[in-house]
file run22.tsv (TSV, C-alpha atoms)
chain	number	residue	atom	x	y	z
K	5	MET	CA	27.75	-131.83	-106.96
K	6	ARG	CA	29.41	-129.37	-104.59
K	7	ARG	CA	32.36	-128.98	-106.98
K	8	LEU	CA	29.95	-128.34	-109.86
K	9	LEU	CA	28.19	-125.58	-107.92
K	10	ILE	CA	31.51	-123.92	-107.10
K	11	LEU	CA	32.52	-124.11	-110.75
K	12	LEU	CA	29.24	-122.54	-111.83
K	13	LEU	CA	29.65	-119.70	-109.32
K	14	ILE	CA	33.05	-118.96	-110.85
K	15	ILE	CA	32.07	-119.27	-114.50
K	16	VAL	CA	28.69	-117.50	-114.59
K	17	PRO	CA	29.81	-114.12	-113.17
K	18	ALA	CA	32.82	-114.13	-115.49
K	19	GLY	CA	30.57	-114.79	-118.46
K	20	GLY	CA	28.21	-112.08	-117.23
K	21	ILE	CA	31.02	-109.52	-117.08
K	22	GLN	CA	32.14	-110.45	-120.59
K	23	ALA	CA	28.54	-109.99	-121.73
K	24	GLN	CA	28.54	-106.56	-120.08
K	25	LEU	CA	31.65	-105.59	-122.01
K	26	SER	CA	30.06	-106.67	-125.28
K	27	THR	CA	26.73	-105.00	-124.43
K	28	ARG	CA	28.35	-101.68	-123.60
K	29	LEU	CA	30.37	-101.65	-126.81
K	30	GLN	CA	27.31	-102.60	-128.86
K	31	ALA	CA	25.39	-99.75	-127.22
K	32	LEU	CA	28.04	-97.41	-128.64
K	33	GLY	CA	27.52	-98.93	-132.09
K	34	MET	CA	30.79	-100.87	-132.16
K	35	GLU	CA	30.97	-103.96	-134.38
K	36	ASN	CA	32.99	-107.19	-134.72
K	37	ILE	CA	33.19	-107.45	-130.92
K	38	ARG	CA	35.06	-110.35	-129.31
K	39	THR	CA	35.68	-110.88	-125.59
K	40	ALA	CA	37.67	-113.40	-123.58
K	41	GLU	CA	39.11	-113.70	-120.07
K	42	THR	CA	42.29	-115.37	-118.80
K	43	ASP	CA	43.64	-115.15	-115.24
K	44	GLY	CA	41.75	-111.97	-114.48
K	45	THR	CA	42.69	-110.18	-117.71
K	46	ALA	CA	39.96	-109.19	-120.15
K	47	PHE	CA	40.77	-109.34	-123.86
K	48	VAL	CA	38.48	-107.34	-126.12
K	49	SER	CA	38.47	-106.44	-129.81
K	50	PHE	CA	36.04	-104.14	-131.59
K	51	GLU	CA	35.61	-102.10	-134.76
K	52	ASN	CA	34.47	-98.48	-134.89
K	53	ASN	CA	32.13	-97.89	-137.82
K	54	THR	CA	30.02	-95.33	-135.98
K	55	TYR	CA	32.23	-92.44	-134.85
K	56	ARG	CA	34.12	-90.41	-137.46
K	57	GLY	CA	37.89	-90.71	-137.23
K	58	THR	CA	40.08	-93.06	-135.24
K	59	TYR	CA	40.64	-91.46	-131.85
K	60	ARG	CA	37.01	-90.47	-131.18
K	61	GLY	CA	35.69	-94.05	-131.20
K	62	ILE	CA	38.67	-95.26	-129.17
K	63	GLY	CA	37.94	-92.70	-126.48
K	64	LYS	CA	34.29	-93.76	-126.23
K	65	ALA	CA	35.26	-97.45	-125.96
K	66	VAL	CA	37.90	-96.89	-123.27
K	67	GLU	CA	35.46	-94.86	-121.20
K	68	ALA	CA	32.83	-97.62	-121.50
K	69	VAL	CA	35.05	-100.52	-120.39
K	70	MET	CA	36.40	-98.57	-117.39
K	71	GLN	CA	33.00	-98.42	-115.67
K	72	ASP	CA	32.77	-99.34	-111.97
K	73	SER	CA	30.56	-102.41	-112.39
K	74	LEU	CA	33.32	-104.26	-114.25
K	75	THR	CA	35.37	-104.77	-111.09
K	76	THR	CA	36.47	-108.38	-111.49
K	77	TYR	CA	39.15	-107.66	-114.09
K	78	LYS	CA	42.70	-106.82	-113.10
K	79	ASP	CA	43.77	-105.74	-116.59
K	80	ILE	CA	41.97	-104.95	-119.84
K	81	GLN	CA	43.57	-105.37	-123.28
K	82	LEU	CA	41.73	-103.72	-126.19
K	83	ILE	CA	42.27	-104.31	-129.90
K	84	ILE	CA	40.89	-101.87	-132.48
K	85	THR	CA	40.25	-103.42	-135.88
K	86	ASP	CA	39.57	-101.91	-139.29
K	87	ASN	CA	37.65	-104.11	-141.73
K	88	GLY	CA	38.47	-106.96	-139.35
K	89	ILE	CA	42.23	-106.34	-139.43
K	90	PRO	CA	43.91	-105.59	-136.04
K	91	GLN	CA	45.34	-102.07	-136.02
K	92	LEU	CA	46.11	-100.87	-132.50
K	93	CYS	CA	46.43	-102.35	-129.01
K	94	ILE	CA	45.45	-100.44	-125.85
K	95	SER	CA	46.58	-101.79	-122.47
K	96	LEU	CA	44.79	-100.73	-119.28
K	97	PRO	CA	46.77	-102.18	-116.33
K	98	GLU	CA	45.26	-102.99	-112.94
K	99	ALA	CA	46.76	-99.98	-111.14
K	100	LEU	CA	45.32	-97.58	-113.72
K	101	ILE	CA	41.87	-99.18	-113.54
K	102	THR	CA	41.89	-99.11	-109.73
K	103	ASP	CA	42.95	-95.45	-109.59
K	104	TYR	CA	40.15	-94.46	-111.98
K	105	ARG	CA	37.41	-96.47	-110.30
K	106	THR	CA	38.32	-95.16	-106.84
K	107	GLY	CA	38.22	-91.58	-108.11
K	108	ARG	CA	41.93	-90.81	-107.64
K	109	ILE	CA	42.30	-89.96	-111.35
K	110	GLY	CA	40.01	-88.92	-114.19
K	111	LEU	CA	39.79	-89.80	-117.87
K	112	ARG	CA	42.62	-87.40	-118.74
K	113	GLU	CA	45.06	-89.43	-116.63
K	114	VAL	CA	43.70	-92.68	-118.09
K	115	TYR	CA	44.38	-91.48	-121.64
K	116	ALA	CA	47.80	-90.17	-120.64
K	117	ARG	CA	48.94	-93.37	-118.87
K	118	MET	CA	47.38	-96.18	-120.92
K	119	LYS	CA	49.71	-98.02	-123.27
K	120	LEU	CA	49.20	-97.83	-127.04
K	121	SER	CA	51.13	-99.84	-129.61
K	122	TYR	CA	50.87	-101.69	-132.92
K	123	ASP	CA	51.69	-104.96	-131.13
K	124	THR	CA	48.34	-106.77	-131.39
K	125	GLU	CA	49.54	-110.34	-131.90
K	126	GLU	CA	49.07	-111.72	-128.36
K	127	VAL	CA	45.57	-110.31	-127.84
K	128	THR	CA	44.51	-111.44	-131.31
K	129	ARG	CA	45.69	-114.97	-130.48
K	130	ARG	CA	43.63	-114.99	-127.28
K	131	LEU	CA	40.49	-113.99	-129.17
K	132	GLN	CA	40.82	-116.03	-132.36
K	133	HIS	CA	38.37	-118.79	-131.34
K	134	THR	CA	35.81	-116.61	-129.54
K	135	PRO	CA	32.40	-115.82	-131.12
K	136	GLU	CA	31.91	-112.45	-132.78
K	137	GLN	CA	29.11	-110.08	-131.77
K	138	ASN	CA	27.42	-107.48	-134.00
K	139	ALA	CA	29.36	-108.48	-137.11
K	140	SER	CA	29.81	-106.01	-139.97
K	141	VAL	CA	30.09	-108.72	-142.63
K	142	TRP	CA	27.76	-108.17	-145.60
K	143	LYS	CA	26.70	-104.75	-144.44
K	144	VAL	CA	26.56	-102.29	-147.34
K	145	ASP	CA	27.48	-98.62	-147.12
K	146	ILE	CA	26.11	-96.37	-149.85
K	147	VAL	CA	28.62	-93.52	-149.66
K	148	LEU	CA	27.72	-90.26	-151.44
K	149	TYR	CA	31.07	-88.95	-152.66
K	150	PRO	CA	31.36	-85.42	-154.11
K	151	GLU	CA	34.08	-84.81	-156.71
K	152	LEU	CA	35.52	-81.47	-157.82
K	153	THR	CA	38.41	-81.22	-160.28
K	154	LEU	CA	40.10	-77.99	-161.37
K	155	GLN	CA	42.79	-77.74	-164.07
K	156	ASN	CA	44.47	-74.57	-165.37
K	157	PHE	CA	46.98	-75.66	-168.00
K	158	THR	CA	45.11	-74.56	-171.16
K	159	PHE	CA	45.06	-71.18	-172.95
K	160	ASP	CA	41.40	-71.20	-174.04
K	161	LYS	CA	39.91	-70.96	-170.52
K	162	LEU	CA	41.07	-69.88	-167.08
K	163	TYR	CA	40.05	-73.19	-165.48
K	164	SER	CA	38.75	-76.49	-166.72
K	165	TYR	CA	36.49	-77.96	-164.09
K	166	GLU	CA	34.40	-81.01	-163.30
K	167	LEU	CA	31.76	-81.27	-160.59
K	168	ASN	CA	30.58	-84.85	-160.17
K	169	PHE	CA	28.36	-86.92	-157.91
K	170	ALA	CA	30.04	-90.30	-157.35
K	171	PRO	CA	28.00	-92.64	-155.11
K	172	ALA	CA	29.67	-95.90	-154.20
K	173	ALA	CA	28.37	-99.13	-152.70
K	174	GLN	CA	30.94	-100.66	-150.35
K	175	TRP	CA	30.36	-104.23	-149.15
K	176	THR	CA	32.25	-105.82	-146.27
K	177	LEU	CA	32.61	-109.39	-147.53
K	178	TRP	CA	34.77	-111.12	-144.92
K	179	LYS	CA	37.76	-110.33	-142.73
K	180	GLY	CA	39.82	-107.83	-144.72
K	181	GLY	CA	37.67	-108.24	-147.83
K	182	MET	CA	35.86	-105.31	-149.48
K	183	LEU	CA	33.92	-104.93	-152.71
K	184	THR	CA	33.45	-101.39	-154.04
K	185	ALA	CA	31.18	-100.39	-156.92
K	186	GLN	CA	31.10	-96.70	-157.84
K	187	VAL	CA	29.51	-94.69	-160.64
K	188	VAL	CA	30.53	-91.13	-161.58
K	189	ILE	CA	27.64	-88.85	-162.60
K	190	PRO	CA	28.61	-85.45	-164.08
K	191	LEU	CA	26.73	-82.48	-162.64
K	192	SER	CA	28.54	-79.57	-164.26
K	193	THR	CA	31.64	-79.22	-166.44
K	194	ASN	CA	33.16	-77.02	-169.16
K	195	LYS	CA	35.11	-79.94	-170.64
K	196	LYS	CA	34.13	-82.16	-173.54
K	197	GLY	CA	34.20	-85.91	-174.08
K	198	GLU	CA	34.34	-88.34	-171.16
K	199	ALA	CA	33.78	-85.58	-168.57
K	200	GLU	CA	30.20	-85.22	-169.92
K	201	ARG	CA	29.36	-88.92	-169.65
K	202	ILE	CA	28.22	-91.19	-166.84
K	203	ARG	CA	31.14	-93.55	-166.28
K	204	PRO	CA	32.49	-96.17	-163.88
K	205	GLY	CA	34.44	-95.02	-160.83
K	206	VAL	CA	36.25	-97.40	-158.49
K	207	ILE	CA	34.92	-100.91	-159.10
K	208	ALA	CA	37.30	-103.16	-157.22
K	209	LEU	CA	37.74	-106.16	-154.97
K	210	SER	CA	40.36	-105.70	-152.25
K	211	GLN	CA	41.87	-107.88	-149.55
K	212	GLU	CA	43.80	-106.60	-146.53
K	213	ALA	CA	45.85	-108.72	-144.13
K	214	ARG	CA	48.01	-108.40	-141.02
K	215	LEU	CA	51.10	-110.45	-141.83
K	216	GLY	CA	52.81	-111.30	-138.56
K	217	LYS	CA	53.69	-108.76	-135.93
K	218	HIS	CA	54.69	-105.71	-137.98
K	219	PHE	CA	53.60	-106.18	-141.60
K	220	PHE	CA	50.40	-104.91	-143.22
K	221	GLY	CA	49.44	-105.94	-146.74
K	222	ARG	CA	46.73	-105.10	-149.25
K	223	VAL	CA	45.86	-106.29	-152.78
K	224	ALA	CA	43.24	-104.64	-154.98
K	225	ALA	CA	42.00	-105.60	-158.45
K	226	GLY	CA	39.54	-103.86	-160.73
K	227	ASN	CA	38.84	-100.35	-161.98
K	228	PHE	CA	40.69	-97.55	-160.18
K	229	THR	CA	40.75	-93.76	-160.28
K	230	ASP	CA	42.44	-91.78	-163.06
K	231	ASN	CA	41.29	-94.18	-165.82
K	232	ARG	CA	43.29	-97.22	-164.69
K	233	PHE	CA	42.22	-100.88	-164.68
K	234	GLY	CA	44.33	-103.66	-163.23
K	235	VAL	CA	45.85	-104.90	-159.99
K	236	GLN	CA	48.02	-103.38	-157.26
K	237	ALA	CA	49.75	-104.88	-154.21
K	238	GLU	CA	50.95	-102.87	-151.20
K	239	MET	CA	53.06	-103.75	-148.17
K	240	ALA	CA	53.97	-101.71	-145.08
K	241	TYR	CA	56.22	-102.36	-142.07
K	242	ARG	CA	55.48	-100.53	-138.81
K	243	PRO	CA	57.41	-100.91	-135.55
K	244	THR	CA	55.59	-101.32	-132.25
K	245	ASN	CA	55.63	-97.59	-131.39
K	246	GLY	CA	54.54	-96.53	-134.89
K	247	ARG	CA	57.03	-93.66	-135.10
K	248	TRP	CA	58.15	-94.66	-138.61
K	249	GLN	CA	57.07	-96.83	-141.50
K	250	LEU	CA	58.57	-98.49	-144.56
K	251	ASP	CA	56.26	-99.25	-147.47
K	252	ALA	CA	56.23	-100.42	-151.07
K	253	ALA	CA	53.66	-100.87	-153.82
K	254	VAL	CA	53.62	-102.32	-157.33
K	255	GLY	CA	50.83	-102.26	-159.88
K	256	SER	CA	50.04	-103.40	-163.40
K	257	THR	CA	47.27	-101.40	-165.07
K	258	SER	CA	45.83	-100.46	-168.44
K	259	TYR	CA	43.74	-97.53	-169.68
K	260	SER	CA	40.05	-97.64	-168.74
K	261	GLY	CA	37.47	-95.08	-169.72
K	262	VAL	CA	34.45	-93.97	-171.75
K	263	PRO	CA	36.16	-91.98	-174.52
K	264	ASP	CA	33.15	-92.02	-176.86
K	265	ASP	CA	29.51	-93.04	-177.11
K	266	GLU	CA	30.36	-96.71	-177.68
K	267	GLY	CA	30.69	-97.40	-173.96
K	268	TRP	CA	33.33	-98.55	-171.50
K	269	TYR	CA	36.69	-99.27	-173.14
K	270	ILE	CA	39.59	-101.14	-171.46
K	271	SER	CA	42.96	-101.26	-173.20
K	272	THR	CA	44.99	-104.47	-173.33
K	273	ARG	CA	48.33	-102.68	-172.94
K	274	GLN	CA	49.67	-103.06	-169.42
K	275	ARG	CA	51.89	-100.51	-167.72
K	276	ILE	CA	53.91	-101.14	-164.56
K	277	ASN	CA	54.09	-98.64	-161.73
K	278	ALA	CA	55.94	-99.02	-158.43
K	279	SER	CA	56.81	-97.10	-155.29
K	280	VAL	CA	59.20	-97.65	-152.37
K	281	GLY	CA	59.91	-95.37	-149.45
K	282	GLY	CA	59.03	-94.53	-145.89
K	283	SER	CA	57.73	-91.98	-143.43
K	284	VAL	CA	58.49	-90.62	-139.97
K	285	PHE	CA	55.93	-89.27	-137.51
K	286	VAL	CA	57.09	-86.36	-135.31
K	287	PRO	CA	54.88	-86.52	-132.16
K	288	LYS	CA	55.57	-83.02	-130.78
K	289	LEU	CA	54.47	-81.46	-134.07
K	290	ASN	CA	51.87	-84.07	-135.11
K	291	MET	CA	53.69	-84.02	-138.43
K	292	GLU	CA	54.38	-86.78	-140.91
K	293	LEU	CA	57.43	-86.60	-143.21
K	294	ALA	CA	57.53	-89.03	-146.16
K	295	VAL	CA	59.88	-89.72	-149.07
K	296	HIS	CA	59.21	-92.16	-151.92
K	297	ALA	CA	60.99	-93.20	-155.08
K	298	ASN	CA	58.46	-93.88	-157.82
K	299	ARG	CA	58.04	-95.39	-161.23
K	300	TYR	CA	54.91	-93.70	-162.55
K	301	ILE	CA	52.30	-95.05	-164.97
K	302	TYR	CA	54.07	-94.09	-168.19
K	303	GLY	CA	57.52	-95.29	-167.15
K	304	ASP	CA	58.98	-92.00	-165.89
K	305	MET	CA	61.04	-92.18	-162.70
K	306	GLY	CA	61.02	-89.69	-159.85
K	307	VAL	CA	61.29	-88.88	-156.15
K	308	ARG	CA	58.54	-87.25	-154.10
K	309	GLY	CA	58.66	-85.76	-150.61
K	310	ASP	CA	55.58	-84.93	-148.48
K	311	CYS	CA	55.18	-82.94	-145.28
K	312	THR	CA	51.74	-83.38	-143.68
K	313	HIS	CA	50.52	-81.69	-140.50
K	314	HIS	CA	47.62	-83.29	-138.62
K	315	PHE	CA	45.24	-80.89	-136.86
K	316	GLY	CA	42.94	-83.45	-135.28
K	317	GLU	CA	40.88	-84.78	-138.15
K	318	TYR	CA	42.23	-82.14	-140.54
K	319	ALA	CA	45.34	-82.99	-142.55
K	320	ILE	CA	47.14	-80.28	-144.53
K	321	GLY	CA	50.41	-80.76	-146.34
K	322	ILE	CA	52.78	-79.72	-149.08
K	323	TYR	CA	54.87	-81.81	-151.45
K	324	GLY	CA	57.63	-81.52	-153.98
K	325	MET	CA	58.85	-83.94	-156.64
K	326	VAL	CA	61.57	-84.37	-159.24
K	327	VAL	CA	60.65	-86.51	-162.26
K	328	GLU	CA	63.20	-87.11	-165.02
K	329	GLY	CA	64.77	-83.74	-164.19
K	330	GLU	CA	61.43	-81.89	-164.19
K	331	LEU	CA	60.17	-80.18	-161.01
K	332	ASN	CA	56.65	-80.16	-159.68
K	333	GLY	CA	54.94	-79.52	-156.36
K	334	GLY	CA	51.76	-78.44	-154.65
K	335	PHE	CA	49.62	-79.05	-151.60
K	336	HIS	CA	46.99	-81.50	-150.38
K	337	PHE	CA	44.38	-81.60	-147.66
K	338	ALA	CA	41.72	-83.75	-146.04
K	339	ILE	CA	38.88	-82.15	-144.13
K	340	PRO	CA	36.04	-83.85	-142.17
K	341	LEU	CA	32.53	-83.69	-143.55
K	342	PRO	CA	29.46	-83.16	-141.32
K	343	GLY	CA	28.45	-85.94	-138.98
K	344	LYS	CA	30.74	-87.03	-136.13
K	345	LYS	CA	28.48	-90.02	-135.55
K	346	ARG	CA	26.58	-92.11	-138.07
K	347	ASN	CA	24.04	-94.92	-137.94
K	348	HIS	CA	25.54	-98.27	-138.96
K	349	ARG	CA	22.93	-100.60	-137.50
K	350	HIS	CA	21.22	-101.65	-140.74
K	351	ARG	CA	22.22	-103.99	-143.54
K	352	VAL	CA	22.21	-101.04	-145.96
K	353	ASN	CA	23.39	-97.65	-144.67
K	354	VAL	CA	23.45	-94.37	-146.62
K	355	ARG	CA	25.95	-91.73	-145.57
K	356	LEU	CA	28.40	-89.04	-146.61
K	357	PRO	CA	32.10	-89.90	-146.71
K	358	GLU	CA	33.97	-89.08	-143.52
K	359	TYR	CA	36.39	-86.73	-145.29
K	360	TYR	CA	36.79	-84.69	-148.44
K	361	ALA	CA	40.32	-84.82	-149.82
K	362	ALA	CA	42.01	-83.02	-152.69
K	363	GLU	CA	45.49	-82.37	-154.06
K	364	TYR	CA	46.69	-79.37	-156.07
K	365	SER	CA	49.56	-79.82	-158.50
K	366	MET	CA	51.41	-77.01	-160.29
K	367	GLU	CA	51.87	-79.24	-163.35
K	368	PRO	CA	54.36	-76.98	-165.16
K	369	TRP	CA	54.30	-76.49	-168.90
K	370	GLY	CA	56.36	-78.34	-171.45
K	371	ARG	CA	57.79	-81.82	-171.20
K	372	TYR	CA	56.13	-82.67	-167.87
K	373	ILE	CA	52.65	-82.18	-169.36
K	374	ASP	CA	53.38	-83.41	-172.89
K	375	GLN	CA	54.83	-86.73	-171.68
K	376	ARG	CA	52.23	-87.19	-168.92
K	377	MET	CA	54.82	-87.39	-166.16
K	378	GLY	CA	54.10	-88.09	-162.51
K	379	ARG	CA	50.78	-89.81	-163.21
K	380	THR	CA	49.40	-92.19	-160.58
K	381	TYR	CA	46.03	-93.42	-159.23
K	382	HIS	CA	44.16	-94.60	-156.11
K	383	THR	CA	42.60	-98.01	-155.57
K	384	ARG	CA	39.77	-96.81	-153.29
K	385	PRO	CA	37.49	-93.78	-153.43
K	386	ASP	CA	38.18	-92.66	-149.82
K	387	GLU	CA	41.97	-92.43	-150.05
K	388	ASN	CA	43.19	-89.59	-147.82
K	389	ARG	CA	45.65	-88.78	-145.04
K	390	SER	CA	43.14	-88.65	-142.16
K	391	GLN	CA	41.23	-91.90	-142.62
K	392	ARG	CA	42.66	-95.04	-140.99
K	393	LEU	CA	45.31	-93.06	-139.05
K	394	TYR	CA	45.99	-95.26	-136.00
K	395	GLN	CA	49.40	-93.81	-135.13
K	396	PRO	CA	49.69	-94.18	-131.30
K	397	ASP	CA	51.09	-90.71	-130.55
K	398	PHE	CA	48.43	-89.06	-132.71
K	399	VAL	CA	45.63	-91.03	-131.03
K	400	ARG	CA	46.81	-90.20	-127.51
K	401	TYR	CA	47.37	-86.48	-128.22
K	402	TYR	CA	43.90	-85.91	-129.65
K	403	LEU	CA	42.17	-88.07	-127.07
K	404	LEU	CA	43.55	-85.71	-124.44
K	405	LYS	CA	42.59	-82.68	-126.50
K	406	GLU	CA	39.12	-83.89	-127.53
K	407	TYR	CA	37.86	-85.35	-124.29
K	408	THR	CA	39.46	-83.19	-121.61
K	409	GLY	CA	39.24	-79.75	-123.21
K	410	GLN	CA	43.01	-79.33	-123.16
call {"tool": "encode", "arguments": {"input": "run22.tsv", "output": "structure tokens"}}
result
Amino acid sequence: MRRLLILLLIIVPAGGIQAQLSTRLQALGMENIRTAETDGTAFVSFENNTYRGTYRGIGKAVEAVMQDSLTTYKDIQLIITDNGIPQLCISLPEALITDYRTGRIGLREVYARMKLSYDTEEVTRRLQHTPEQNASVWKVDIVLYPELTLQNFTFDKLYSYELNFAPAAQWTLWKGGMLTAQVVIPLSTNKKGEAERIRPGVIALSQEARLGKHFFGRVAAGNFTDNRFGVQAEMAYRPTNGRWQLDAAVGSTSYSGVPDDEGWYISTRQRINASVGGSVFVPKLNMELAVHANRYIYGDMGVRGDCTHHFGEYAIGIYGMVVEGELNGGFHFAIPLPGKKRNHRHRVNVRLPEYYAAEYSMEPWGRYIDQRMGRTYHTRPDENRSQRLYQPDFVRYYLLKEYTGQ
């Protein structure tokens, strides 16, 4: 009996502290929370579906788990997930926790000294059999996407334009699984044909996975942007520090659209597209440099280079490309939309997208336009260069800037 009482005195406080960790993260609106403890080290994973962007939610979570009442832990290991897939590991060692709780350092020093990496394998293993709190599975986001398209390669008008309202229902099905169903509703346009009709947007089933220590994979099937229907697979390799990345993609798609009043038409002719390349992140400049060799939708081959500068949640970049001897280039951007924090506590949640993204292409005259060169597509409606950016140097830099006024 005495041994049982001693065991209970050891176990109950530990369980209470783990409950405190989960409660504090749930109070912030975090989801998919798991907690475990081994030899004085707390292992925690969570998903941020409340705060816009990557670093903002991370900062809130780190601040919450560093509170004074959680004094029994020597170290804390945090995993940030996205759609259930581990993305980033944050290590808070005992010395750092002690210095903060005794008042010798503030949050700025915590953010500066904590360890960030893509190496999530060990913490994920520790948490794999623990129960999940505040799960996001089967929650539905109704996302109200705006669409604006401008084209200026015709003689009869200065610009051809489309202004559309494109709401999308996005279901979280299971770990890494997402179902998207979008409809495009024209609001104003000076074009004829399909641009005047209500039509399907992205209607796709996708599955993401973390494949071992450094590989990230994704497969999507269904209706994509730019009138494509089919399947695409993507793979990326990221080292622990995240300073560079190698990636590849291959897709098989056919034409999909509403060309006339007879309804949705899907062609049976398949076209193969592929891409292989990589990128480098320059921490001192918060700049990403990328080069990819591409086979585009209609079989033309080319090379594209991108230079993207990240200003917090803003991403602005330029690009240039050579396709079958033809030159093209332009710029792209992603800007945050209103609402740094959103309510994600219900089974069905209505919100704006986190970012608005667009790309301008020069699209020169002649062969490039006539042969439809450089054509590609996206497999999700929120594709942009700010969303899902978990690069460790980027996260640390803007945590310091956002939360310490530096």
call {"tool": "atom_distance", "arguments": {"input": "run22.tsv", "atom1": "CA of Lys405 in chain K", "atom2": "CA of Lys64 in chain K"}}
result
13.8 Å
call {"tool": "axis_aligned_box", "arguments": {"input": "run22.tsv", "around": "range 165-168 of chain K", "padding_each_side": "8 Å", "output": "lines of an AutoDock Vina configuration file"}}
result
center_x = 33.5
center_y = -81.4
center_z = -162.1
size_x = 21.9
size_y = 22.9
size_z = 19.9
call {"tool": "residues_around", "arguments": {"input": "run22.tsv", "residues": "Gly63 in chain K", "least_positions_apart": "6", "cutoff": "10 Å", "atoms": "all atoms listed in the file", "output": "count of residues only"}}
result
9
call {"tool": "residues_near_point", "arguments": {"input": "run22.tsv", "point": "(26.2, -80.5, -164.4)", "cutoff": "8 Å", "atoms": "only C-alpha atoms", "output": "list of chain:residue names"}}
result
K:Leu167, K:Asn168, K:Pro190, K:Leu191, K:Ser192, K:Thr193
call {"tool": "closest_residue", "arguments": {"input": "run22.tsv", "among": "K:Glu330, K:Gln391, K:Asp386, K:Asp310", "to": "Tyr372 in chain K", "atoms": "all atoms listed in the file"}}
result
K:Glu330
call {"tool": "closest_residue", "arguments": {"input": "run22.tsv", "among": "K:Arg392, K:Arg112, K:Arg273, K:Lys345", "to": "Met34 in chain K", "atoms": "all atoms listed in the file"}}
result
K:Lys345
call {"tool": "residues_around", "arguments": {"input": "run22.tsv", "residues": "Gly180 in chain K", "least_positions_apart": "3", "cutoff": "7 Å", "atoms": "all atoms listed in the file", "output": "ChimeraX atom specification"}}
result
/K:87-89,211-213
call {"tool": "residues_around", "arguments": {"input": "run22.tsv", "residues": "Val235 in chain K", "least_positions_apart": "2", "cutoff": "8 Å", "atoms": "all atoms listed in the file", "output": "short mmCIF file (atom, residue, chain, number, x, y, z; two decimals) with C-alpha atoms, in the coordinates of the input"}}
result
data_model
loop_
_atom_site.label_atom_id
_atom_site.label_comp_id
_atom_site.auth_asym_id
_atom_site.auth_seq_id
_atom_site.Cartn_x
_atom_site.Cartn_y
_atom_site.Cartn_z
CA VAL K 223 45.86 -106.29 -152.78
CA ALA K 224 43.24 -104.64 -154.98
CA ALA K 225 42.00 -105.60 -158.45
CA GLY K 226 39.54 -103.86 -160.73
CA PHE K 233 42.22 -100.88 -164.68
CA ALA K 237 49.75 -104.88 -154.21
CA GLY K 255 50.83 -102.26 -159.88
CA SER K 256 50.04 -103.40 -163.40
CA THR K 257 47.27 -101.40 -165.07
#
call {"tool": "atom_distance", "arguments": {"input": "run22.tsv", "atom1": "CA of His336 in chain K", "atom2": "CA of Val307 in chain K"}}
result
17.1 Å
call {"tool": "closest_atom_pairs", "arguments": {"input": "run22.tsv", "of": "range 98-146 of chain K", "to": "range 46-62 of chain K", "cutoff": "9 Å", "atoms": "all atoms listed in the file", "output": "CSV"}}
result
residue,atom,partner,partner_atom,distance
K:Val127,CA,K:Phe47,CA,6.3
K:Thr128,CA,K:Ser49,CA,8.0
K:Arg130,CA,K:Phe47,CA,7.2
K:Leu131,CA,K:Phe47,CA,7.1
K:Ser140,CA,K:Asn53,CA,8.7
